[in-house]
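A.B. asks: I'm passing along target34.tsv; it holds TSV, N, CA and C atoms.
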```
chain	number	residue	atom	x	y	z
A	1	MET	N	130.65	41.77	95.29
A	1	MET	CA	130.25	42.51	94.12
A	1	MET	C	131.50	43.15	93.49
A	2	GLN	N	131.70	42.92	92.20
A	2	GLN	CA	132.87	43.46	91.51
A	2	GLN	C	132.62	44.91	91.13
A	3	PRO	N	133.69	45.73	91.15
A	3	PRO	CA	133.53	47.11	90.72
A	3	PRO	C	133.26	47.17	89.22
A	4	THR	N	132.55	48.20	88.81
A	4	THR	CA	132.30	48.41	87.38
A	4	THR	C	132.73	49.81	87.00
A	5	ALA	N	133.02	49.98	85.74
A	5	ALA	CA	133.34	51.30	85.18
A	5	ALA	C	132.23	51.65	84.20
A	6	THR	N	131.84	52.91	84.19
A	6	THR	CA	130.79	53.36	83.30
A	6	THR	C	131.42	54.11	82.13
A	7	VAL	N	131.11	53.63	80.92
A	7	VAL	CA	131.66	54.20	79.70
A	7	VAL	C	130.53	54.83	78.90
A	8	LEU	N	130.63	56.13	78.66
A	8	LEU	CA	129.66	56.84	77.83
A	8	LEU	C	130.09	56.71	76.38
A	9	VAL	N	129.16	56.34	75.51
A	9	VAL	CA	129.44	56.20	74.08
A	9	VAL	C	128.53	57.15	73.33
A	10	TYR	N	129.15	58.12	72.62
A	10	TYR	CA	128.40	59.10	71.84
A	10	TYR	C	128.60	58.87	70.36
A	11	SER	N	127.50	58.59	69.66
A	11	SER	CA	127.48	58.52	68.21
A	11	SER	C	126.03	58.59	67.77
A	12	ASP	N	125.78	59.28	66.67
A	12	ASP	CA	124.43	59.30	66.13
A	12	ASP	C	124.13	58.00	65.39
A	13	ASP	N	125.14	57.19	65.15
A	13	ASP	CA	125.02	55.94	64.41
A	13	ASP	C	124.97	54.75	65.38
A	14	SER	N	123.84	54.07	65.41
A	14	SER	CA	123.69	52.94	66.34
A	14	SER	C	124.67	51.81	66.02
A	15	THR	N	125.07	51.69	64.76
A	15	THR	CA	126.04	50.66	64.38
A	15	THR	C	127.41	50.95	65.01
A	16	THR	N	127.80	52.21	65.03
A	16	THR	CA	129.08	52.58	65.66
A	16	THR	C	129.02	52.31	67.16
A	17	ARG	N	127.91	52.65	67.80
A	17	ARG	CA	127.78	52.38	69.23
A	17	ARG	C	127.86	50.88	69.49
A	18	GLU	N	127.25	50.09	68.62
A	18	GLU	CA	127.31	48.63	68.77
A	18	GLU	C	128.74	48.12	68.58
A	19	GLN	N	129.48	48.66	67.60
A	19	GLN	CA	130.87	48.26	67.39
A	19	GLN	C	131.71	48.51	68.64
A	20	VAL	N	131.47	49.64	69.29
A	20	VAL	CA	132.20	49.98	70.51
A	20	VAL	C	131.89	48.97	71.60
A	21	ARG	N	130.62	48.68	71.82
A	21	ARG	CA	130.23	47.71	72.85
A	21	ARG	C	130.84	46.34	72.58
A	22	LEU	N	130.77	45.90	71.34
A	22	LEU	CA	131.30	44.58	71.01
A	22	LEU	C	132.83	44.53	71.12
A	23	ALA	N	133.51	45.62	70.73
A	23	ALA	CA	134.97	45.65	70.79
A	23	ALA	C	135.46	45.63	72.23
A	24	ALA	N	134.76	46.32	73.11
A	24	ALA	CA	135.17	46.37	74.52
A	24	ALA	C	134.79	45.10	75.26
A	25	GLY	N	133.67	44.52	74.89
A	25	GLY	CA	133.17	43.37	75.63
A	25	GLY	C	132.78	43.77	77.04
A	26	ARG	N	132.68	42.82	77.93
A	26	ARG	CA	132.35	43.13	79.32
A	26	ARG	C	133.55	43.67	80.09
A	27	ARG	N	134.75	43.28	79.64
A	27	ARG	CA	135.98	43.73	80.31
A	27	ARG	C	137.07	43.83	79.23
A	28	PRO	N	137.54	45.05	78.93
A	28	PRO	CA	138.51	45.19	77.84
A	28	PRO	C	139.90	44.62	78.14
A	29	ALA	N	140.21	44.39	79.41
A	29	ALA	CA	141.49	43.78	79.81
A	29	ALA	C	141.29	43.14	81.18
A	30	PRO	N	142.08	42.12	81.50
A	30	PRO	CA	141.90	41.42	82.78
A	30	PRO	C	142.11	42.28	84.02
A	31	ASP	N	142.91	43.34	83.90
A	31	ASP	CA	143.25	44.14	85.08
A	31	ASP	C	142.39	45.40	85.25
A	32	VAL	N	141.32	45.52	84.47
A	32	VAL	CA	140.42	46.67	84.62
A	32	VAL	C	139.03	46.16	85.00
A	33	PRO	N	138.19	47.04	85.54
A	33	PRO	CA	136.86	46.59	85.96
A	33	PRO	C	135.96	46.21	84.79
A	34	LEU	N	134.89	45.52	85.12
A	34	LEU	CA	133.83	45.28	84.15
A	34	LEU	C	133.29	46.63	83.70
A	35	VAL	N	132.80	46.70	82.47
A	35	VAL	CA	132.28	47.97	81.97
A	35	VAL	C	130.78	47.90	81.73
A	36	GLU	N	130.14	49.01	82.01
A	36	GLU	CA	128.74	49.22	81.67
A	36	GLU	C	128.71	50.41	80.72
A	37	PHE	N	127.79	50.39	79.77
A	37	PHE	CA	127.74	51.44	78.77
A	37	PHE	C	126.51	52.32	78.94
A	38	VAL	N	126.72	53.61	78.73
A	38	VAL	CA	125.63	54.58	78.62
A	38	VAL	C	125.73	55.11	77.21
A	39	GLU	N	124.70	54.91	76.42
A	39	GLU	CA	124.73	55.33	75.02
A	39	GLU	C	124.01	56.66	74.85
A	40	CYS	N	124.62	57.53	74.04
A	40	CYS	CA	124.04	58.84	73.75
A	40	CYS	C	124.10	59.06	72.24
A	41	ALA	N	122.99	59.55	71.68
A	41	ALA	CA	122.94	59.82	70.24
A	41	ALA	C	122.94	61.31	69.93
A	42	THR	N	122.87	62.16	70.96
A	42	THR	CA	122.85	63.61	70.75
A	42	THR	C	123.82	64.30	71.70
A	43	PRO	N	124.31	65.48	71.31
A	43	PRO	CA	125.19	66.24	72.21
A	43	PRO	C	124.50	66.58	73.53
A	44	ALA	N	123.21	66.91	73.48
A	44	ALA	CA	122.48	67.25	74.70
A	44	ALA	C	122.46	66.08	75.67
A	45	ALA	N	122.32	64.87	75.15
A	45	ALA	CA	122.30	63.67	76.01
A	45	ALA	C	123.66	63.47	76.66
A	46	VAL	N	124.74	63.76	75.94
A	46	VAL	CA	126.09	63.63	76.52
A	46	VAL	C	126.24	64.58	77.70
A	47	VAL	N	125.87	65.83	77.51
A	47	VAL	CA	125.99	66.83	78.57
A	47	VAL	C	125.13	66.43	79.77
A	48	ARG	N	123.93	65.96	79.50
A	48	ARG	CA	123.03	65.54	80.58
A	48	ARG	C	123.64	64.40	81.39
A	49	GLU	N	124.20	63.40	80.72
A	49	GLU	CA	124.81	62.27	81.42
A	49	GLU	C	126.04	62.69	82.21
A	50	LEU	N	126.86	63.56	81.64
A	50	LEU	CA	128.04	64.04	82.36
A	50	LEU	C	127.65	64.87	83.57
A	51	ASP	N	126.57	65.63	83.46
A	51	ASP	CA	126.09	66.42	84.60
A	51	ASP	C	125.63	65.53	85.75
A	52	LYS	N	125.11	64.34	85.42
A	52	LYS	CA	124.67	63.39	86.45
A	52	LYS	C	125.87	62.86	87.23
A	53	GLY	N	127.02	62.75	86.55
A	53	GLY	CA	128.22	62.19	87.19
A	53	GLY	C	128.29	60.68	87.03
A	54	GLY	N	129.39	60.12	87.47
A	54	GLY	CA	129.55	58.66	87.45
A	54	GLY	C	130.11	58.09	86.17
A	55	ILE	N	130.49	58.93	85.22
A	55	ILE	CA	131.08	58.44	83.97
A	55	ILE	C	132.58	58.34	84.16
A	56	ASP	N	133.14	57.19	83.82
A	56	ASP	CA	134.58	56.97	84.00
A	56	ASP	C	135.39	57.29	82.75
A	57	VAL	N	134.84	57.00	81.57
A	57	VAL	CA	135.50	57.28	80.30
A	57	VAL	C	134.42	57.62	79.28
A	58	CYS	N	134.73	58.57	78.39
A	58	CYS	CA	133.83	58.90	77.28
A	58	CYS	C	134.45	58.39	75.98
A	59	VAL	N	133.64	57.79	75.14
A	59	VAL	CA	134.05	57.40	73.79
A	59	VAL	C	133.19	58.24	72.85
A	60	LEU	N	133.84	59.10	72.07
A	60	LEU	CA	133.13	60.04	71.22
A	60	LEU	C	133.44	59.79	69.75
A	61	ASP	N	132.40	59.72	68.93
A	61	ASP	CA	132.53	59.49	67.50
A	61	ASP	C	132.83	60.80	66.79
A	62	GLY	N	134.02	60.91	66.23
A	62	GLY	CA	134.43	62.11	65.52
A	62	GLY	C	133.61	62.37	64.27
A	63	GLU	N	132.90	61.36	63.78
A	63	GLU	CA	132.09	61.49	62.57
A	63	GLU	C	130.62	61.72	62.87
A	64	ALA	N	130.26	61.89	64.13
A	64	ALA	CA	128.85	62.06	64.51
A	64	ALA	C	128.31	63.38	63.98
A	65	VAL	N	127.01	63.42	63.75
A	65	VAL	CA	126.31	64.65	63.36
A	65	VAL	C	125.14	64.85	64.30
A	66	PRO	N	124.75	66.04	64.63
A	66	PRO	CA	125.18	67.31	64.05
A	66	PRO	C	126.47	67.85	64.66
A	67	MET	N	126.93	67.30	65.75
A	67	MET	CA	128.18	67.75	66.36
A	67	MET	C	129.14	66.57	66.44
A	68	GLY	N	130.28	66.72	65.81
A	68	GLY	CA	131.27	65.65	65.83
A	68	GLY	C	131.90	65.47	67.20
A	69	GLY	N	132.48	64.33	67.40
A	69	GLY	CA	133.10	64.01	68.68
A	69	GLY	C	134.26	64.92	69.03
A	70	MET	N	134.94	65.47	68.02
A	70	MET	CA	136.07	66.36	68.31
A	70	MET	C	135.58	67.66	68.93
A	71	GLY	N	134.54	68.23	68.36
A	71	GLY	CA	133.96	69.44	68.93
A	71	GLY	C	133.34	69.17	70.29
A	72	MET	N	132.69	68.01	70.41
A	72	MET	CA	132.08	67.63	71.69
A	72	MET	C	133.16	67.46	72.75
A	73	CYS	N	134.28	66.85	72.37
A	73	CYS	CA	135.39	66.66	73.31
A	73	CYS	C	135.91	67.99	73.81
A	74	ARG	N	136.17	68.90	72.89
A	74	ARG	CA	136.70	70.21	73.28
A	74	ARG	C	135.73	70.93	74.20
A	75	GLN	N	134.44	70.83	73.89
A	75	GLN	CA	133.42	71.48	74.72
A	75	GLN	C	133.40	70.91	76.13
A	76	ILE	N	133.36	69.58	76.25
A	76	ILE	CA	133.27	69.01	77.60
A	76	ILE	C	134.56	69.20	78.38
A	77	LYS	N	135.71	69.21	77.70
A	77	LYS	CA	136.97	69.48	78.41
A	77	LYS	C	136.97	70.89	78.98
A	78	ASP	N	136.31	71.83	78.27
A	78	ASP	CA	136.21	73.21	78.75
A	78	ASP	C	135.15	73.40	79.82
A	79	GLU	N	134.05	72.65	79.73
A	79	GLU	CA	132.87	72.95	80.53
A	79	GLU	C	132.58	72.00	81.67
A	80	VAL	N	133.11	70.80	81.64
A	80	VAL	CA	132.78	69.80	82.66
A	80	VAL	C	133.93	69.71	83.66
A	81	PHE	N	133.64	70.06	84.91
A	81	PHE	CA	134.65	69.97	85.96
A	81	PHE	C	135.01	68.51	86.18
A	82	GLY	N	136.29	68.21	86.21
A	82	GLY	CA	136.73	66.83	86.40
A	82	GLY	C	136.31	65.95	85.24
A	83	CYS	N	136.38	66.47	84.05
A	83	CYS	CA	135.95	65.73	82.85
A	83	CYS	C	136.67	64.37	82.79
A	84	PRO	N	135.90	63.31	82.55
A	84	PRO	CA	136.55	61.99	82.43
A	84	PRO	C	137.44	61.93	81.19
A	85	PRO	N	138.35	60.98	81.15
A	85	PRO	CA	139.18	60.81	79.95
A	85	PRO	C	138.31	60.54	78.73
A	86	VAL	N	138.79	60.98	77.57
A	86	VAL	CA	138.04	60.84	76.32
A	86	VAL	C	138.84	60.02	75.33
A	87	LEU	N	138.16	59.02	74.76
A	87	LEU	CA	138.70	58.22	73.65
A	87	LEU	C	137.93	58.63	72.41
A	88	LEU	N	138.63	59.16	71.43
A	88	LEU	CA	138.01	59.69	70.22
A	88	LEU	C	138.10	58.68	69.09
A	89	LEU	N	137.00	58.51	68.39
A	89	LEU	CA	136.96	57.66	67.19
A	89	LEU	C	137.11	58.56	65.98
A	90	MET	N	138.19	58.39	65.22
A	90	MET	CA	138.48	59.25	64.07
A	90	MET	C	138.20	58.52	62.77
A	91	GLY	N	137.81	59.29	61.77
A	91	GLY	CA	137.55	58.72	60.45
A	91	GLY	C	138.82	58.35	59.71
A	92	ARG	N	139.91	59.10	59.94
A	92	ARG	CA	141.16	58.89	59.20
A	92	ARG	C	142.35	59.08	60.15
A	93	PRO	N	143.40	58.32	59.96
A	93	PRO	CA	144.59	58.51	60.80
A	93	PRO	C	145.17	59.93	60.67
A	94	GLN	N	144.96	60.57	59.51
A	94	GLN	CA	145.47	61.92	59.28
A	94	GLN	C	144.79	62.94	60.19
A	95	ASP	N	143.69	62.56	60.83
A	95	ASP	CA	142.98	63.47	61.73
A	95	ASP	C	143.56	63.48	63.14
A	96	ALA	N	144.68	62.84	63.34
A	96	ALA	CA	145.28	62.78	64.68
A	96	ALA	C	145.56	64.18	65.23
A	97	TRP	N	145.94	65.12	64.39
A	97	TRP	CA	146.19	66.49	64.86
A	97	TRP	C	144.91	67.12	65.39
A	98	LEU	N	143.76	66.78	64.79
A	98	LEU	CA	142.48	67.30	65.30
A	98	LEU	C	142.14	66.68	66.65
A	99	ALA	N	142.51	65.43	66.83
A	99	ALA	CA	142.28	64.79	68.13
A	99	ALA	C	143.09	65.51	69.21
A	100	THR	N	144.30	65.92	68.87
A	100	THR	CA	145.12	66.70	69.80
A	100	THR	C	144.48	68.04	70.08
A	101	TRP	N	143.99	68.71	69.03
A	101	TRP	CA	143.31	70.00	69.20
A	101	TRP	C	142.10	69.87	70.12
A	102	SER	N	141.38	68.77	69.99
A	102	SER	CA	140.16	68.58	70.79
A	102	SER	C	140.46	68.22	72.24
A	103	ARG	N	141.73	67.92	72.54
A	103	ARG	CA	142.19	67.52	73.87
A	103	ARG	C	141.77	66.11	74.27
A	104	ALA	N	141.56	65.26	73.27
A	104	ALA	CA	141.24	63.86	73.55
A	104	ALA	C	142.44	63.20	74.23
A	105	ASP	N	142.16	62.27	75.11
A	105	ASP	CA	143.22	61.56	75.83
A	105	ASP	C	143.79	60.40	75.02
A	106	ALA	N	143.00	59.91	74.07
A	106	ALA	CA	143.43	58.83	73.19
A	106	ALA	C	142.54	58.86	71.95
A	107	ALA	N	143.02	58.26	70.87
A	107	ALA	CA	142.24	58.22	69.64
A	107	ALA	C	142.53	56.93	68.88
A	108	VAL	N	141.49	56.41	68.25
A	108	VAL	CA	141.61	55.25	67.36
A	108	VAL	C	140.79	55.54	66.11
A	109	THR	N	141.08	54.81	65.03
A	109	THR	CA	140.38	55.06	63.78
A	109	THR	C	139.17	54.15	63.62
A	110	LEU	N	138.24	54.64	62.82
A	110	LEU	CA	137.08	53.86	62.43
A	110	LEU	C	137.42	53.13	61.14
A	111	PRO	N	136.83	51.99	60.84
A	111	PRO	CA	135.95	51.23	61.73
A	111	PRO	C	136.72	50.73	62.94
A	112	VAL	N	135.98	50.45	63.99
A	112	VAL	CA	136.57	50.06	65.26
A	112	VAL	C	137.30	48.73	65.12
A	113	ASP	N	138.60	48.76	65.42
A	113	ASP	CA	139.39	47.53	65.49
A	113	ASP	C	139.33	47.05	66.94
A	114	PRO	N	138.78	45.85	67.19
A	114	PRO	CA	138.57	45.40	68.57
A	114	PRO	C	139.83	45.38	69.43
A	115	VAL	N	140.95	44.96	68.89
A	115	VAL	CA	142.18	44.87	69.69
A	115	VAL	C	142.69	46.27	70.03
A	116	GLU	N	142.76	47.13	69.03
A	116	GLU	CA	143.24	48.50	69.25
A	116	GLU	C	142.31	49.27	70.20
A	117	PHE	N	141.01	49.11	69.98
A	117	PHE	CA	140.04	49.84	70.81
A	117	PHE	C	140.10	49.36	72.26
A	118	ALA	N	140.08	48.05	72.47
A	118	ALA	CA	140.11	47.52	73.83
A	118	ALA	C	141.37	47.95	74.57
A	119	ALA	N	142.51	47.96	73.87
A	119	ALA	CA	143.76	48.39	74.50
A	119	ALA	C	143.70	49.86	74.90
A	120	ALA	N	143.16	50.71	74.02
A	120	ALA	CA	143.07	52.15	74.32
A	120	ALA	C	142.10	52.40	75.48
A	121	LEU	N	140.96	51.71	75.47
A	121	LEU	CA	139.98	51.88	76.54
A	121	LEU	C	140.56	51.40	77.88
A	122	ALA	N	141.21	50.25	77.86
A	122	ALA	CA	141.81	49.72	79.09
A	122	ALA	C	142.86	50.67	79.65
A	123	SER	N	143.65	51.27	78.77
A	123	SER	CA	144.66	52.22	79.21
A	123	SER	C	144.02	53.42	79.92
A	124	LEU	N	142.93	53.94	79.37
A	124	LEU	CA	142.24	55.08	80.00
A	124	LEU	C	141.60	54.67	81.32
A	125	LEU	N	141.07	53.46	81.39
A	125	LEU	CA	140.49	52.98	82.65
A	125	LEU	C	141.56	52.83	83.72
A	126	ARG	N	142.74	52.37	83.33
A	126	ARG	CA	143.85	52.26	84.28
A	126	ARG	C	144.26	53.64	84.79
A	127	GLN	N	144.37	54.60	83.89
A	127	GLN	CA	144.73	55.96	84.27
A	127	GLN	C	143.68	56.55	85.23
A	128	LYS	N	142.43	56.32	84.91
A	128	LYS	CA	141.34	56.83	85.76
A	128	LYS	C	141.44	56.22	87.15
A	129	ARG	N	141.75	54.92	87.21
A	129	ARG	CA	141.85	54.24	88.51
A	129	ARG	C	143.03	54.79	89.31
A	130	LEU	N	144.16	55.05	88.65
A	130	LEU	CA	145.34	55.57	89.33
A	130	LEU	C	145.10	56.99	89.83
A	131	VAL	N	144.42	57.80	89.03
A	131	VAL	CA	144.14	59.18	89.43
A	131	VAL	C	143.14	59.21	90.59
A	132	GLY	N	142.15	58.31	90.53
A	132	GLY	CA	141.12	58.28	91.56
A	132	GLY	C	141.58	57.65	92.86
A	133	ALA	N	142.70	56.93	92.84
A	133	ALA	CA	143.18	56.24	94.05
A	133	ALA	C	143.76	57.18	95.07
```
Could you render the structure as structure tokens?
C.D. replies:
Amino acid sequence: MQPTATVLVYSDDSTTREQVRLAAGRRPAPDVPLVEFVECATPAAVVRELDKGGIDVCVLDGEAVPMGGMGMCRQIKDEVFGCPPVLLLMGRPQDAWLATWSRADAAVTLPVDPVEFAAALASLLRQKRLVGA
């Protein structure tokens, strides 16, 4: 049985969640585990899933409503012990300073570019594996 990584995807937009799943595929890079997705459309669902444990990386939509991914990122970094790495989806490249403020571990712009997204996700999965080893 191959190891898998669990990726939480937060967006109120089902199309954005689908873009993330399609961009990552089953394995974003040959040297990282297969990925399984947990989708969340509300901030409460994100907190509930993180409280359960087992999430390896969070992908948060900075354009989500009622709470954007940047605010959600800052909250979980403050409140969740051992918070998994966060990949933030930003509306504009100029928002990179906000991604830094939110304490995101990586950020890419919307719409999701499959190559850029897969590379960023794979990098976070590698970091998670090295830290967990």
A.B. asks: Quick one: everything within 8 Å of Leu98 in chain A, counting only N, CA and C atoms, minus sequence neighbours fewer than 6 positions away in the same chain. Send it as a short mmCIF file (atom, residue, chain, number, x, y, z; two decimals) with N, CA and C atoms, keeping the file's coordinate frame.
C.D. replies:
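around-v4.cif, freshly written:
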```cif
data_model
loop_
_atom_site.label_atom_id
_atom_site.label_comp_id
_atom_site.auth_asym_id
_atom_site.auth_seq_id
_atom_site.Cartn_x
_atom_site.Cartn_y
_atom_site.Cartn_z
N MET A 70 134.94 65.47 68.02
CA MET A 70 136.07 66.36 68.31
C MET A 70 135.58 67.66 68.93
N GLY A 71 134.54 68.23 68.36
CA GLY A 71 133.96 69.44 68.93
C GLY A 71 133.34 69.17 70.29
N ALA A 104 141.56 65.26 73.27
CA ALA A 104 141.24 63.86 73.55
C ALA A 104 142.44 63.20 74.23
#
```
A.B. asks: Find the residues around Pro33 in chain A up to 6 Å (only N, CA and C atoms counted), leave out those fewer than 2 positions away in its own chain, and share them as an NGL selection string.
C.D. replies: :A and (3-5 or 26-27 or 31 or 35)
A.B. asks: Give the answer as one residue: which of A:Met72, A:Met67, A:Val57, A:Ala45 has the shortest atom-to-atom distance to Val86 in chain A, using only C-alpha atoms?
C.D. replies: A:Val57
A.B. asks: Report as a list in words all protein, DNA and RNA residues lying within 8 Å of Leu125 in chain A, evaluated on all atoms listed in the file, omitting residues in the same chain fewer than 3 positions from it.
C.D. replies: Ala5, Asp31, Val32, Pro33, Asp56, Val57, Pro85, Ala119, Ala120, Leu121, Ala122, Lys128, Arg129, Leu130 and Val131 of chain A
A.B. asks: Would you mind telling me which residue in A:Leu50, A:Ala23, A:Leu8, A:Val115 lies nearest to Phe81 in chain A when using only C-alpha atoms?
C.D. replies: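 When distances to Phe81 in chain A are compared using only C-alpha atoms, the smallest one comes from A:Leu50.
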A.B. asks: Which distance in Å separates atom N of Gln19 in chain A and CA of Asp78 in chain A, to one decimal?
C.D. replies: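 A separation of 27.8 Å between them.
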A.B. asks: Check the DSSP output for the backbone and give back, as a PyMOL selection string, the residues of range 26-109 of chain A in alpha helix (DSSP H).
C.D. replies: chain A and resi 43-52+69-79+96-102
A.B. asks: Rounded to one decimal in Å, what is the spacing between CA of Ala44 in chain A and atom C of Val20 in chain A?
C.D. replies: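 These atoms are spaced 20.8 Å apart.
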A.B. asks: As a PyMOL selection string, list the residues of chain A assigned to strand (DSSP E or B) by DSSP on the backbone atoms of this structure.
C.D. replies: chain A and resi 4-10+34-40+57-61+86-90+106-109
A.B. asks: Select, from A:Ala24, A:Val7, A:Val65, A:Ile55, the residue with the minimum atom-to-atom distance to Pro114 in chain A, counting only C-alpha atoms.
C.D. replies: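 Ranked by minimum distance to Pro114 in chain A, first place goes to A:Ala24.
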A.B. asks: Around (143.6, 55.5, 63.1) in the file's frame, which residues reach within 5 Å when counting all atoms listed in the file? Return as a PyMOL selection string?
C.D. replies: chain A and resi 92-93+108-109
A.B. asks: Let's have the selection written as a PDB file, keeping the file's coordinate frame, with N, CA and C atoms.
C.D. replies:
```pdb
ATOM      1  N   ARG A  92     139.910  59.100  59.940  1.00  0.00           N
ATOM      2  CA  ARG A  92     141.160  58.890  59.200  1.00  0.00           C
ATOM      3  C   ARG A  92     142.350  59.080  60.150  1.00  0.00           C
ATOM      4  N   PRO A  93     143.400  58.320  59.960  1.00  0.00           N
ATOM      5  CA  PRO A  93     144.590  58.510  60.800  1.00  0.00           C
ATOM      6  C   PRO A  93     145.170  59.930  60.670  1.00  0.00           C
ATOM      7  N   VAL A 108     141.490  56.410  68.250  1.00  0.00           N
ATOM      8  CA  VAL A 108     141.610  55.250  67.360  1.00  0.00           C
ATOM      9  C   VAL A 108     140.790  55.540  66.110  1.00  0.00           C
ATOM     10  N   THR A 109     141.080  54.810  65.030  1.00  0.00           N
ATOM     11  CA  THR A 109     140.380  55.060  63.780  1.00  0.00           C
ATOM     12  C   THR A 109     139.170  54.150  63.620  1.00  0.00           C
TER      13      THR A 109
END
```
A.B. asks: Neighbours of Leu87 in chain A within 5 Å (only N, CA and C atoms; same-chain residues fewer than 6 positions away dropped), as a list in words?
C.D. replies: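 Final neighbour list, sorted by chain and number: Cys58, Val59, Leu60 and Ala106 of chain A.
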A.B. asks: So how far away is atom C of Glu49 in chain A from CA of Ala99 in chain A, in Å?
C.D. replies: 21.6 Å
A.B. asks: With only C-alpha atoms as the atoms that count, which of A:Glu79, A:Asp95, A:Asp105, A:Asp12 lies nearest to Ala41 in chain A?
C.D. replies: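 Checking each of A:Glu79, A:Asp95, A:Asp105, A:Asp12 against Ala41 in chain A, counting only C-alpha atoms, the winner is A:Asp12.
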A.B. asks: Fix up range 8-14 of chain A with all heavy atoms, then write it as a PDB file, in the coordinates of the input.
C.D. replies:
```pdb
ATOM      1  N   LEU A   8     130.630  56.130  78.660  1.00  0.00           N
ATOM      2  CA  LEU A   8     129.660  56.840  77.830  1.00  0.00           C
ATOM      3  C   LEU A   8     130.090  56.710  76.380  1.00  0.00           C
ATOM      4  O   LEU A   8     131.270  56.936  76.055  1.00  0.00           O
ATOM      5  CB  LEU A   8     129.598  58.312  78.229  1.00  0.00           C
ATOM      6  CG  LEU A   8     128.615  59.180  77.469  1.00  0.00           C
ATOM      7  CD1 LEU A   8     128.010  60.225  78.394  1.00  0.00           C
ATOM      8  CD2 LEU A   8     129.242  59.838  76.258  1.00  0.00           C
ATOM      9  N   VAL A   9     129.160  56.340  75.510  1.00  0.00           N
ATOM     10  CA  VAL A   9     129.440  56.200  74.080  1.00  0.00           C
ATOM     11  C   VAL A   9     128.530  57.150  73.330  1.00  0.00           C
ATOM     12  O   VAL A   9     127.314  57.036  73.394  1.00  0.00           O
ATOM     13  CB  VAL A   9     129.194  54.747  73.591  1.00  0.00           C
ATOM     14  CG1 VAL A   9     129.534  54.631  72.119  1.00  0.00           C
ATOM     15  CG2 VAL A   9     129.994  53.754  74.413  1.00  0.00           C
ATOM     16  N   TYR A  10     129.150  58.120  72.620  1.00  0.00           N
ATOM     17  CA  TYR A  10     128.400  59.100  71.840  1.00  0.00           C
ATOM     18  C   TYR A  10     128.600  58.870  70.360  1.00  0.00           C
ATOM     19  O   TYR A  10     129.722  58.914  69.856  1.00  0.00           O
ATOM     20  CB  TYR A  10     128.827  60.522  72.191  1.00  0.00           C
ATOM     21  CG  TYR A  10     128.376  61.567  71.187  1.00  0.00           C
ATOM     22  CD1 TYR A  10     127.030  61.800  70.959  1.00  0.00           C
ATOM     23  CD2 TYR A  10     129.301  62.309  70.465  1.00  0.00           C
ATOM     24  CE1 TYR A  10     126.616  62.756  70.031  1.00  0.00           C
ATOM     25  CE2 TYR A  10     128.897  63.268  69.548  1.00  0.00           C
ATOM     26  CZ  TYR A  10     127.552  63.483  69.332  1.00  0.00           C
ATOM     27  OH  TYR A  10     127.141  64.424  68.417  1.00  0.00           O
ATOM     28  N   SER A  11     127.500  58.590  69.660  1.00  0.00           N
ATOM     29  CA  SER A  11     127.480  58.520  68.210  1.00  0.00           C
ATOM     30  C   SER A  11     126.030  58.590  67.770  1.00  0.00           C
ATOM     31  O   SER A  11     125.154  58.016  68.430  1.00  0.00           O
ATOM     32  CB  SER A  11     128.110  57.221  67.696  1.00  0.00           C
ATOM     33  OG  SER A  11     128.038  57.176  66.273  1.00  0.00           O
ATOM     34  N   ASP A  12     125.780  59.280  66.670  1.00  0.00           N
ATOM     35  CA  ASP A  12     124.430  59.300  66.130  1.00  0.00           C
ATOM     36  C   ASP A  12     124.130  58.000  65.390  1.00  0.00           C
ATOM     37  O   ASP A  12     122.981  57.717  65.071  1.00  0.00           O
ATOM     38  CB  ASP A  12     124.229  60.500  65.195  1.00  0.00           C
ATOM     39  CG  ASP A  12     125.097  60.405  63.949  1.00  0.00           C
ATOM     40  OD1 ASP A  12     126.308  60.145  64.092  1.00  0.00           O
ATOM     41  OD2 ASP A  12     124.568  60.602  62.837  1.00  0.00           O
ATOM     42  N   ASP A  13     125.140  57.190  65.150  1.00  0.00           N
ATOM     43  CA  ASP A  13     125.020  55.940  64.410  1.00  0.00           C
ATOM     44  C   ASP A  13     124.970  54.750  65.380  1.00  0.00           C
ATOM     45  O   ASP A  13     125.948  54.469  66.071  1.00  0.00           O
ATOM     46  CB  ASP A  13     126.218  55.808  63.470  1.00  0.00           C
ATOM     47  CG  ASP A  13     126.147  54.595  62.562  1.00  0.00           C
ATOM     48  OD1 ASP A  13     125.306  53.705  62.789  1.00  0.00           O
ATOM     49  OD2 ASP A  13     126.959  54.536  61.619  1.00  0.00           O
ATOM     50  N   SER A  14     123.840  54.070  65.410  1.00  0.00           N
ATOM     51  CA  SER A  14     123.690  52.940  66.340  1.00  0.00           C
ATOM     52  C   SER A  14     124.670  51.810  66.020  1.00  0.00           C
ATOM     53  O   SER A  14     125.091  51.081  66.916  1.00  0.00           O
ATOM     54  CB  SER A  14     122.248  52.419  66.327  1.00  0.00           C
ATOM     55  OG  SER A  14     121.907  51.936  65.041  1.00  0.00           O
TER      56      SER A  14
END
```
